[in-house]
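S.K.: Below are the structure tokens for one structure; questions will follow.
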Amino acid sequence: MTDCIFCKIANGEFNTPFIIETDDYVVFRDINPKADTHVLVVPKQHYESLTELEDESLLGKLLGGVKKAAKELGLKSYKTVINTGKEAGQEVFHLHIHVLSGNIKGV
């Protein structure tokens with residue numbers, strides 16, 4: 001999708017620093033953090049939401065990315081959030097997993 005901000009980030013169009021990059025996903029810091037540590041695990045392929053993702057192997061890789069990001073950041077405990085749909089709080093319509101740790105605000 002050409003106008004999707006997360007597609008552009010994942011494709012390197014904004015030189016966003018990645019904490020992790022694989023063939024399937026990227027992990028980067030949220031620009032509007034809701035916790036002391038707030039990163040996003042984002043698939044490189046566009047899926048509007050979790051509802052669209054039927055590839056269970058990719059879902060497993062994304063969850064593995066959560067675990068790798070937590071280890072890389074030295075997180076002992078953390079919260080994961082996947083907002084699916086506008087009514088559930090999804091603001092960017094590209095599947096992503098929030099990983100939050102520390103003082104979490106309003107999630």
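By convention in this document, the chains of the structure tokens carry letters A, B, ... by their order, each chain's residues are numbered from 1, and ligands are numbered from 1 in the order they are shown.
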Which polymer residues have any atom within 8 Å of an atom of Ile104 in chain A, counting only C-alpha atoms, with same-chain residues fewer than 5 positions away left out, as a PyMOL selection string?
M.R.: chain A and resi 34-36
S.K.: Pick out the residues sitting within 10 Å of range 73-77 of chain A, and hand them over as number ranges by chain; count only C-alpha atoms, and ignore anything fewer than 5 positions along from it in its own chain.
M.R.: A: 19, 37, 39, 67-68, 99-102
S.K.: Neighbours of Val27 in chain A within 10 Å (only C-alpha atoms; same-chain residues fewer than 2 positions away dropped), as a list in words?
M.R.: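 Once the adjacent positions are removed, what remains is Ala10, Thr16, Pro17, Phe18, Ile19, Ile20, Glu21, Thr22, Tyr25, Arg29, Asp30, Val39, Leu40, Val41, Val42, Pro43, Leu62, Gly65, Val66, Lys68, Ala69, His96, Ile97, His98 and Val99 of chain A.
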S.K.: Would you export the selected residues with C-alpha atoms as a PDB file, in the first residue's frame, please?
M.R.:
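That gives us part37.pdb:
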ATOM      1  CA  ALA A  10       9.293  -0.780   7.042  1.00  0.00           C
ATOM      2  CA  THR A  16      13.709   5.125  11.041  1.00  0.00           C
ATOM      3  CA  PRO A  17      16.208   3.389  13.325  1.00  0.00           C
ATOM      4  CA  PHE A  18      15.231  -0.252  13.709  1.00  0.00           C
ATOM      5  CA  ILE A  19      15.843  -2.129  16.927  1.00  0.00           C
ATOM      6  CA  ILE A  20      15.402  -5.361  14.947  1.00  0.00           C
ATOM      7  CA  GLU A  21      14.942  -6.009  11.234  1.00  0.00           C
ATOM      8  CA  THR A  22      14.251  -9.378   9.627  1.00  0.00           C
ATOM      9  CA  TYR A  25       9.180  -7.554  10.223  1.00  0.00           C
ATOM     10  CA  ARG A  29      10.204   2.958  18.849  1.00  0.00           C
ATOM     11  CA  ASP A  30       6.721   4.476  18.888  1.00  0.00           C
ATOM     12  CA  VAL A  39       8.118  -0.200  20.622  1.00  0.00           C
ATOM     13  CA  LEU A  40       6.165  -1.566  17.680  1.00  0.00           C
ATOM     14  CA  VAL A  41       6.579  -4.884  15.906  1.00  0.00           C
ATOM     15  CA  VAL A  42       5.407  -4.324  12.327  1.00  0.00           C
ATOM     16  CA  PRO A  43       5.243  -6.843   9.464  1.00  0.00           C
ATOM     17  CA  LEU A  62       5.724 -11.436  14.896  1.00  0.00           C
ATOM     18  CA  GLY A  65       9.751 -10.476  17.380  1.00  0.00           C
ATOM     19  CA  VAL A  66       8.044  -9.301  20.562  1.00  0.00           C
ATOM     20  CA  LYS A  68      13.385 -10.728  20.752  1.00  0.00           C
ATOM     21  CA  ALA A  69      12.639  -7.024  21.222  1.00  0.00           C
ATOM     22  CA  HIS A  96       1.319  -3.865  14.504  1.00  0.00           C
ATOM     23  CA  ILE A  97       2.008  -5.110  17.999  1.00  0.00           C
ATOM     24  CA  HIS A  98       2.716  -2.626  20.785  1.00  0.00           C
ATOM     25  CA  VAL A  99       5.302  -3.693  23.373  1.00  0.00           C
TER      26      VAL A  99
END
S.K.: Grab the CA of Thr2 in chain A to CA of Phe28 in chain A distance for me, in Å with one decimal place.
M.R.: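 The value is 19.9 Å.
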S.K.: Identify, with DSSP run on backbone atoms, the residues in chain A assigned to alpha helix (DSSP H), and express the list as a list in words.
M.R.: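 Filtering chain A to alpha helix (DSSP H) leaves Ile5, Phe6, Cys7, Lys8, Ile9, Ala10, Glu56, Ser57, Leu58, Leu59, Gly60, Lys61, Leu62, Leu63, Gly64, Gly65, Val66, Lys67, Lys68, Ala69, Ala70, Lys71 and Glu72 of chain A.
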S.K.: Excluding Cys7 in chain A and any residue of its chain fewer than 2 positions from it, enumerate the residues within 10 Å of it, using only C-alpha atoms, and give them as a list in words.
M.R.: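 Here the answer would be Met1, Thr2, Asp3, Cys4, Ile5, Ile9, Ala10, Asn11, Gly12, Glu13, Val42, Pro43, Lys44, Gln45, His46, Tyr47 and His94 of chain A.
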S.K.: So which residues of chain A fall under strand (DSSP E) by DSSP, listed as a list of chain:residue names?
M.R.: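 Here is the list: A:Ile20, A:Glu21, A:Tyr25, A:Val26, A:Val27, A:Phe28, A:Arg29, A:Thr37, A:His38, A:Val39, A:Leu40, A:Val41, A:Val42, A:Pro43, A:Lys79, A:Thr80, A:Val81, A:Ile97, A:His98, A:Val99, A:Leu100, A:Ser101.
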